[in-house]
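Dropping final_0.cif in here (mmCIF, C-alpha atoms):
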data_data
#
loop_
_atom_site.group_PDB
_atom_site.id
_atom_site.type_symbol
_atom_site.label_atom_id
_atom_site.label_comp_id
_atom_site.auth_asym_id
_atom_site.auth_seq_id
_atom_site.Cartn_x
_atom_site.Cartn_y
_atom_site.Cartn_z
ATOM 1 C CA SER A 1 85.839 93.128 66.521
ATOM 2 C CA SER A 2 85.645 93.329 70.334
ATOM 3 C CA LEU A 3 89.339 94.163 70.521
ATOM 4 C CA GLY A 4 89.033 97.305 72.631
ATOM 5 C CA LYS A 5 88.500 100.183 70.182
ATOM 6 C CA SER A 6 86.091 102.016 72.495
ATOM 7 C CA THR A 7 88.175 101.049 75.525
ATOM 8 C CA LEU A 8 91.104 102.887 73.930
ATOM 9 C CA ALA A 9 89.179 105.867 72.535
ATOM 10 C CA LEU A 10 87.026 106.687 75.576
ATOM 11 C CA PRO A 11 89.944 107.299 78.006
ATOM 12 C CA MET A 12 91.544 109.475 75.305
ATOM 13 C CA ALA A 13 88.366 111.570 75.225
ATOM 14 C CA ASP A 14 88.225 111.640 79.026
ATOM 15 C CA ALA A 15 91.879 112.749 79.252
ATOM 16 C CA MET A 16 91.132 115.648 76.900
ATOM 17 C CA ALA A 17 88.053 116.605 78.936
ATOM 18 C CA SER A 18 90.106 116.482 82.152
ATOM 19 C CA LYS A 19 92.227 119.307 80.686
ATOM 20 C CA GLY A 20 89.112 121.395 80.051
ATOM 21 C CA LEU A 21 88.884 120.666 76.321
ATOM 22 C CA PRO A 22 85.306 120.352 75.005
ATOM 23 C CA VAL A 23 84.741 116.816 73.714
ATOM 24 C CA LEU A 24 81.716 115.386 71.901
ATOM 25 C CA TYR A 25 81.659 111.568 71.969
ATOM 26 C CA ILE A 26 78.970 110.027 69.762
ATOM 27 C CA SER A 27 78.370 106.479 70.974
ATOM 28 C CA LEU A 28 76.302 104.654 68.383
ATOM 29 C CA GLU A 29 76.654 101.159 69.864
ATOM 30 C CA MET A 30 76.936 101.507 73.636
ATOM 31 C CA PRO A 31 74.493 103.315 75.961
ATOM 32 C CA ARG A 32 75.762 106.304 77.916
ATOM 33 C CA VAL A 33 75.502 104.477 81.262
ATOM 34 C CA ASP A 34 77.872 101.769 80.005
ATOM 35 C CA MET A 35 80.349 104.386 78.783
ATOM 36 C CA ALA A 36 80.292 106.057 82.208
ATOM 37 C CA ALA A 37 80.780 102.662 83.853
ATOM 38 C CA LYS A 38 83.844 102.027 81.676
ATOM 39 C CA LEU A 39 85.418 105.281 82.849
ATOM 40 C CA ILE A 40 84.525 104.705 86.511
ATOM 41 C CA SER A 41 85.983 101.187 86.248
ATOM 42 C CA MET A 42 89.231 102.631 84.885
ATOM 43 C CA TYR A 43 89.491 105.081 87.779
ATOM 44 C CA THR A 44 88.721 102.399 90.381
ATOM 45 C CA TYR A 45 91.761 100.541 89.041
ATOM 46 C CA LEU A 46 93.991 103.624 88.936
ATOM 47 C CA GLY A 47 92.821 104.656 92.399
ATOM 48 C CA SER A 48 93.429 101.308 94.082
ATOM 49 C CA GLN A 49 97.006 100.466 93.138
ATOM 50 C CA ALA A 50 97.787 99.479 96.759
ATOM 51 C CA ASP A 51 95.086 96.795 96.484
ATOM 52 C CA THR A 52 93.684 96.302 92.982
ATOM 53 C CA ARG A 53 91.086 93.880 94.366
ATOM 54 C CA LEU A 54 89.125 97.031 95.209
ATOM 55 C CA ALA A 55 88.781 97.851 91.489
ATOM 56 C CA LYS A 56 85.465 97.072 89.803
ATOM 57 C CA THR A 57 84.666 96.016 86.241
ATOM 58 C CA SER A 58 82.213 98.068 84.211
ATOM 59 C CA SER A 59 79.755 95.140 84.069
ATOM 60 C CA ALA A 60 79.794 94.925 87.884
ATOM 61 C CA LEU A 61 79.209 98.676 88.165
ATOM 62 C CA VAL A 62 76.010 98.589 86.099
ATOM 63 C CA SER A 63 74.658 95.704 88.163
ATOM 64 C CA GLN A 64 71.631 96.650 90.271
ATOM 65 C CA LYS A 65 73.006 94.839 93.329
ATOM 66 C CA ILE A 66 76.540 96.220 93.458
ATOM 67 C CA SER A 67 75.767 98.908 96.063
ATOM 68 C CA GLU A 68 74.470 96.233 98.452
ATOM 69 C CA ASN A 69 77.688 94.235 98.287
ATOM 70 C CA LEU A 70 80.387 96.907 98.507
ATOM 71 C CA SER A 71 82.611 97.141 101.539
ATOM 72 C CA ASP A 72 83.374 100.580 102.952
ATOM 73 C CA LYS A 73 86.776 100.563 101.204
ATOM 74 C CA GLU A 74 85.268 99.486 97.888
ATOM 75 C CA GLY A 75 82.521 102.092 98.188
ATOM 76 C CA ALA A 76 85.070 104.836 98.813
ATOM 77 C CA VAL A 77 87.093 103.811 95.727
ATOM 78 C CA VAL A 78 83.985 103.733 93.510
ATOM 79 C CA GLU A 79 82.747 107.053 94.892
ATOM 80 C CA ALA A 80 86.104 108.752 94.247
ATOM 81 C CA ALA A 81 86.193 107.326 90.708
ATOM 82 C CA ALA A 82 82.630 108.482 89.987
ATOM 83 C CA ALA A 83 83.504 111.975 91.222
ATOM 84 C CA LYS A 84 86.346 112.187 88.685
ATOM 85 C CA VAL A 85 84.051 111.120 85.850
ATOM 86 C CA GLU A 86 81.404 113.626 86.975
ATOM 87 C CA GLU A 87 83.985 116.434 87.050
ATOM 88 C CA HIS A 88 85.249 115.606 83.546
ATOM 89 C CA GLY A 89 81.636 115.372 82.391
ATOM 90 C CA LYS A 90 81.439 119.161 82.508
ATOM 91 C CA THR A 91 83.263 119.251 79.169
ATOM 92 C CA LEU A 92 82.606 115.693 77.900
ATOM 93 C CA THR A 93 79.270 115.232 76.135
ATOM 94 C CA ILE A 94 78.240 111.665 75.255
ATOM 95 C CA LEU A 95 75.460 111.191 72.718
ATOM 96 C CA GLU A 96 73.862 107.777 72.378
ATOM 97 C CA ASN A 97 71.696 106.415 69.570
ATOM 98 C CA GLN A 98 68.021 107.266 69.943
ATOM 99 C CA ILE A 99 64.904 105.575 68.519
ATOM 100 C CA ASN A 100 65.861 107.029 65.129
ATOM 101 C CA PRO A 101 69.569 106.190 64.709
ATOM 102 C CA TYR A 102 71.915 109.023 63.789
ATOM 103 C CA THR A 103 73.023 109.739 60.240
ATOM 104 C CA VAL A 104 76.141 111.759 59.471
ATOM 105 C CA ASP A 105 73.861 114.660 58.481
ATOM 106 C CA ASP A 106 72.257 114.565 61.957
ATOM 107 C CA ILE A 107 75.735 114.696 63.480
ATOM 108 C CA ALA A 108 76.712 117.632 61.262
ATOM 109 C CA ASP A 109 73.608 119.532 62.429
ATOM 110 C CA TYR A 110 74.346 118.724 66.078
ATOM 111 C CA ILE A 111 77.965 119.898 65.817
ATOM 112 C CA HIS A 112 76.817 123.140 64.163
ATOM 113 C CA THR A 113 74.315 123.735 66.990
ATOM 114 C CA TYR A 114 76.898 122.813 69.649
ATOM 115 C CA ILE A 115 79.449 125.321 68.326
ATOM 116 C CA HIS A 116 76.911 128.139 68.030
ATOM 117 C CA SER A 117 75.367 127.407 71.447
ATOM 118 C CA TYR A 118 78.543 127.021 73.497
ATOM 119 C CA LEU A 119 80.881 129.128 71.338
ATOM 120 C CA GLU A 120 83.437 126.331 71.604
ATOM 121 C CA LYS A 121 84.751 123.853 69.053
ATOM 122 C CA PRO A 122 84.775 120.281 70.349
ATOM 123 C CA VAL A 123 86.996 117.343 69.577
ATOM 124 C CA VAL A 124 84.554 114.868 68.004
ATOM 125 C CA TYR A 125 84.626 111.070 68.405
ATOM 126 C CA ILE A 126 82.441 108.789 66.249
ATOM 127 C CA ASP A 127 82.033 105.278 67.724
ATOM 128 C CA TYR A 128 81.708 103.739 65.251
ATOM 129 C CA LEU A 129 81.589 104.375 61.513
ATOM 130 C CA GLN A 130 79.781 101.270 60.243
ATOM 131 C CA ILE A 131 76.822 101.756 62.628
ATOM 132 C CA LEU A 132 75.876 105.190 61.307
ATOM 133 C CA SER A 133 72.580 105.004 59.423
ATOM 134 C CA PRO A 134 72.661 105.733 55.683
ATOM 135 C CA PRO A 135 71.725 109.333 54.843
ATOM 136 C CA LYS A 136 68.035 109.788 54.056
ATOM 137 C CA GLY A 137 68.789 110.571 50.404
ATOM 138 C CA LEU A 138 70.799 107.371 49.957
ATOM 139 C CA LYS A 139 68.279 104.765 51.049
ATOM 140 C CA GLY A 140 68.798 101.568 49.080
ATOM 141 C CA CYS A 141 72.450 102.332 48.328
ATOM 142 C CA SER A 142 75.225 99.831 48.994
ATOM 143 C CA ASP A 143 77.059 99.792 52.325
ATOM 144 C CA LYS A 144 80.183 101.061 50.587
ATOM 145 C CA GLN A 145 78.352 104.018 49.000
ATOM 146 C CA ALA A 146 76.849 104.962 52.360
ATOM 147 C CA VAL A 147 80.211 104.810 54.153
ATOM 148 C CA ASP A 148 81.928 106.715 51.308
ATOM 149 C CA TYR A 149 79.381 109.525 51.720
ATOM 150 C CA THR A 150 79.759 109.492 55.515
ATOM 151 C CA VAL A 151 83.562 109.710 55.432
ATOM 152 C CA ALA A 152 83.465 112.555 52.898
ATOM 153 C CA LYS A 153 80.954 114.418 55.086
ATOM 154 C CA LEU A 154 83.060 113.914 58.231
ATOM 155 C CA ARG A 155 86.096 115.195 56.367
ATOM 156 C CA ALA A 156 84.081 118.282 55.363
ATOM 157 C CA ILE A 157 82.905 118.826 58.969
ATOM 158 C CA SER A 158 86.523 118.751 60.127
ATOM 159 C CA ALA A 159 87.599 121.229 57.449
ATOM 160 C CA VAL A 160 84.667 123.661 57.758
ATOM 161 C CA HIS A 161 84.799 123.945 61.552
ATOM 162 C CA GLY A 162 88.545 123.404 61.960
ATOM 163 C CA ILE A 163 88.060 120.557 64.441
ATOM 164 C CA PRO A 164 89.585 117.096 64.812
ATOM 165 C CA VAL A 165 87.187 114.224 64.089
ATOM 166 C CA ILE A 166 88.316 110.864 65.457
ATOM 167 C CA VAL A 167 86.479 107.975 63.828
ATOM 168 C CA ILE A 168 86.446 104.373 65.045
ATOM 169 C CA SER A 169 86.118 101.847 62.236
ATOM 170 C CA SER A 170 86.067 98.092 61.913
ATOM 171 C CA PHE A 171 88.384 96.231 59.511
ATOM 172 C CA ASN A 172 87.044 94.150 56.670
ATOM 173 C CA ARG A 173 86.730 90.496 57.667
ATOM 174 C CA GLU A 174 89.419 89.268 55.282
ATOM 175 C CA ASN A 175 91.994 91.102 57.399
ATOM 176 C CA TYR A 176 90.990 89.874 60.866
ATOM 177 C CA LYS A 177 93.897 87.409 60.984
ATOM 178 C CA THR A 178 96.560 89.524 59.291
ATOM 179 C CA ARG A 179 98.671 92.372 60.608
ATOM 180 C CA ALA A 180 97.033 95.816 60.538
ATOM 181 C CA ASN A 181 97.603 97.466 57.164
ATOM 182 C CA PHE A 182 96.011 99.871 54.706
ATOM 183 C CA GLN A 183 94.334 96.995 52.847
ATOM 184 C CA ALA A 184 92.261 96.297 55.985
ATOM 185 C CA PHE A 185 90.423 99.586 55.460
ATOM 186 C CA LYS A 186 89.256 98.708 51.937
ATOM 187 C CA ASP A 187 85.491 99.158 51.538
ATOM 188 C CA SER A 188 85.527 101.364 54.637
ATOM 189 C CA GLY A 189 84.784 104.671 53.001
ATOM 190 C CA ASN A 190 88.183 105.384 51.484
ATOM 191 C CA ILE A 191 89.533 105.944 54.998
ATOM 192 C CA GLU A 192 93.006 105.045 53.787
ATOM 193 C CA TYR A 193 92.880 108.154 51.569
ATOM 194 C CA SER A 194 90.771 110.509 53.701
ATOM 195 C CA GLY A 195 92.287 110.015 57.146
ATOM 196 C CA GLU A 196 95.128 112.255 58.310
ATOM 197 C CA THR A 197 96.354 109.504 60.639
ATOM 198 C CA LEU A 198 95.403 105.830 60.659
ATOM 199 C CA ILE A 199 95.890 103.682 63.743
ATOM 200 C CA GLY A 200 95.298 99.936 63.677
ATOM 201 C CA LEU A 201 94.689 97.702 66.711
ATOM 202 C CA GLN A 202 95.794 94.083 66.511
ATOM 203 C CA LEU A 203 96.405 91.104 68.768
ATOM 204 C CA LYS A 204 100.103 90.636 69.456
ATOM 205 C CA GLY A 205 101.535 87.960 67.187
ATOM 206 C CA VAL A 206 98.772 88.123 64.572
ATOM 207 C CA GLY A 207 100.088 87.022 61.194
ATOM 208 C CA ASP A 208 102.715 84.670 62.674
ATOM 209 C CA PRO A 209 102.545 81.050 61.427
ATOM 210 C CA ASP A 210 101.635 79.621 64.850
ATOM 211 C CA PHE A 211 99.242 82.412 65.862
ATOM 212 C CA ASP A 212 95.981 81.297 67.516
ATOM 213 C CA ALA A 213 93.404 84.107 67.649
ATOM 214 C CA ASP A 214 91.158 82.324 70.156
ATOM 215 C CA LYS A 215 94.013 81.789 72.606
ATOM 216 C CA ALA A 216 95.194 85.370 72.142
ATOM 217 C CA LYS A 217 91.692 86.727 72.853
ATOM 218 C CA ALA A 218 91.275 84.436 75.878
ATOM 219 C CA ARG A 219 94.353 85.821 77.644
ATOM 220 C CA TYR A 220 93.768 88.124 80.603
ATOM 221 C CA PRO A 221 94.966 90.740 80.138
ATOM 222 C CA ARG A 222 95.247 90.538 76.347
ATOM 223 C CA ASP A 223 98.371 91.701 74.554
ATOM 224 C CA ILE A 224 97.271 94.356 72.065
ATOM 225 C CA GLU A 225 99.494 96.266 69.663
ATOM 226 C CA MET A 226 98.693 99.715 68.311
ATOM 227 C CA MET A 227 100.059 100.269 64.804
ATOM 228 C CA ILE A 228 100.400 103.845 63.547
ATOM 229 C CA LEU A 229 100.010 103.223 59.826
#
Let me see the structure of the file written as structure tokens.
Amino acid sequence: SSLGKSTLALPMADAMASKGLPVLYISLEMPRVDMAAKLISMYTYLGSQADTRLAKTSSALVSQKISENLSDKEGAVVEAAAAKVEEHGKTLTILENQINPYTVDDIADYIHTYIHSYLEKPVVYIDYLQILSPPKGLKGCSDKQAVDYTVAKLRAISAVHGIPVIVISSFNRENYKTRANFQAFKDSGNIEYSGETLIGLQLKGVGDPDFDADKAKARYPRDIEMMIL
């Protein structure tokens, strides 16, 4: 948890959109404004390599008072970064949870409408799996049953429309302090069987005898490993 799953996935989606690919990013946890701030923050860093002190964090960017405290140089960096995000936004659609949280069936309907409206097939990101509401016909089912249904439905969406569906998932808690592996996906909707490619994020050194998760998380920047399983 809080390891940077969205922070990895969102720039991937943005990079695809920057090439003109249609991307549909369904953000179930984070509001759209925070997602935009993450991208603008990234571009303030990339655009200020001569003086990275000009870069701004996403939390600073959503602050009401930031515009009052920016120097001319800082303002120019933020403005240039925002322009990039706006340009990529022409092909990057971000959906956020509404009053009635999305189910996988709602997402399937939206994708169907998107394809028929725009005559384009998007790359779809789901952020993230465990937050999706149980389907209306499965109220009262276990968490595992709900996620099993969701993963099967997402697999069907991918197959029917011929589109990639990239799903962010948490690990089960028993595997927080072990190296990323297939076992970590147990009780997560049979992802280890349904996914074409599984990628695990882990803190560097996790699983070593002297590993300290709190110290590893406190480092700035953190050392994160991406395991293609």
- Chain and number of each residue from the PyMOL selection byres ((chain A and resi 58) around 10), as a list in words: Val33, Asp34, Met35, Ala36, Ala37, Lys38, Leu39, Ile40, Ser41, Met42, Thr44, Ala55, Lys56, Thr57, Ser59, Ala60, Leu61, Val62 and Ser63 of chain A
- Message: Could you tell me how far atom CA of Ala146 of chain A sits from atom CA of Ser27 of chain A, in Å to one decimal place?
- Response: 18.7 Å
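Across the model, the gap from atom CA of Ala13 of chain A to atom CA of Ile94 of chain A is 10.1 Å.
Proximity to Leu10 of chain A was assessed for A:Glu96, A:Asp127, A:Glu225, A:Glu192 counting all atoms listed in the file; the smallest distance is recorded for A:Asp127.
Across the chains present, the PyMOL selection byres ((chain A and resi 178) around 12) applied to this file returns Phe171, Asn172, Arg173, Glu174, Asn175, Tyr176, Lys177, Arg179, Ala180, Asn181, Phe182, Gln183, Ala184, Gly200, Leu201, Gln202, Leu203, Lys204, Gly205, Val206, Gly207, Asp208, Pro209, Phe211, Asp212 and Ala213 of chain A.
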For segment 73-171 of chain A against segment 15-23 of chain A, with a cut-off of 9 Å and counting all atoms listed in the file, what is the closest atom pair and its distance in Å to one decimal for every residue that makes the cut, ordered by chain and number, as CSV?
residue,atom,partner,partner_atom,distance
A:Lys84,CA,A:Ser18,CA,8.7
A:Val85,CA,A:Ser18,CA,8.9
A:Glu87,CA,A:Ser18,CA,7.8
A:His88,CA,A:Ser18,CA,5.1
A:Gly89,CA,A:Ala17,CA,7.4
A:Lys90,CA,A:Ala17,CA,7.9
A:Thr91,CA,A:Pro22,CA,4.8
A:Leu92,CA,A:Val23,CA,4.8
A:Thr93,CA,A:Val23,CA,6.2
A:Ile94,CA,A:Val23,CA,8.4
A:Glu120,CA,A:Pro22,CA,7.1
A:Lys121,CA,A:Pro22,CA,6.9
A:Pro122,CA,A:Pro22,CA,4.7
A:Val123,CA,A:Val23,CA,4.7
A:Val124,CA,A:Val23,CA,6.0
A:Tyr125,CA,A:Val23,CA,7.8
- Task: For the point (86.7, 100.0, 95.0) in the file's frame, write as a VMD selection string all residues with an atom no more than 9 Å away, counting all atoms listed in the file.
- Result: chain A and resid 41 44 to 45 47 to 48 52 to 56 70 to 81
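What separates atom CA of Asp109 of chain A from atom CA of Glu86 of chain A is a distance of 26.4 Å.
The result of the PyMOL selection byres ((chain A and resi 134) around 9) on the shown file is Tyr102, Thr103, Val104, Leu132, Ser133, Pro135, Lys136, Gly137, Leu138, Lys139, Gly140, Cys141, Asp143, Gln145, Ala146, Val147, Tyr149 and Thr150 of chain A.
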What are the centre and the three edge lengths of an axis-aligned box that wraps all atoms of segment 19-37 of chain A in the file, given that 4 Å is added to every side, written as JSON and rounded to one decimal in Å?
{"center_x": 83.4, "center_y": 111.3, "center_z": 76.1, "size_x": 25.7, "size_y": 28.2, "size_z": 23.5}
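Minimum distance to Ile199 of chain A across A:Tyr25, A:Arg32, A:Ile66, A:Ser169 (counting all atoms listed in the file) occurs at A:Ser169.
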Give me the residues within 8 Å of Ser194 of chain A as a PDB file with C-alpha atoms, in the frame of the given file, counting all atoms listed in the file and dropping any in the same chain fewer than 3 places off.
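Result written to result-v2.pdb:
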ATOM      1  CA  VAL A 151      83.562 109.710  55.432  1.00  0.00           C
ATOM      2  CA  ALA A 152      83.465 112.555  52.898  1.00  0.00           C
ATOM      3  CA  ARG A 155      86.096 115.195  56.367  1.00  0.00           C
ATOM      4  CA  ASN A 190      88.183 105.384  51.484  1.00  0.00           C
ATOM      5  CA  ILE A 191      89.533 105.944  54.998  1.00  0.00           C
TER       6      ILE A 191
END
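Using all atoms listed in the file, the nearest neighbour of Ala108 of chain A within the list A:Ile168, A:Pro11, A:Ile131, A:Ile26 is A:Ile26.
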For Ser2 of chain A, work out the shell of residues within 10 Å, counting all atoms listed in the file and skipping chain neighbours fewer than 3 positions away, then give it as a PDB file with C-alpha atoms, in the frame of the given file.
ATOM      1  CA  LYS A   5      88.500 100.183  70.182  1.00  0.00           C
ATOM      2  CA  SER A   6      86.091 102.016  72.495  1.00  0.00           C
ATOM      3  CA  THR A   7      88.175 101.049  75.525  1.00  0.00           C
ATOM      4  CA  SER A 170      86.067  98.092  61.913  1.00  0.00           C
ATOM      5  CA  LYS A 217      91.692  86.727  72.853  1.00  0.00           C
TER       6      LYS A 217
END
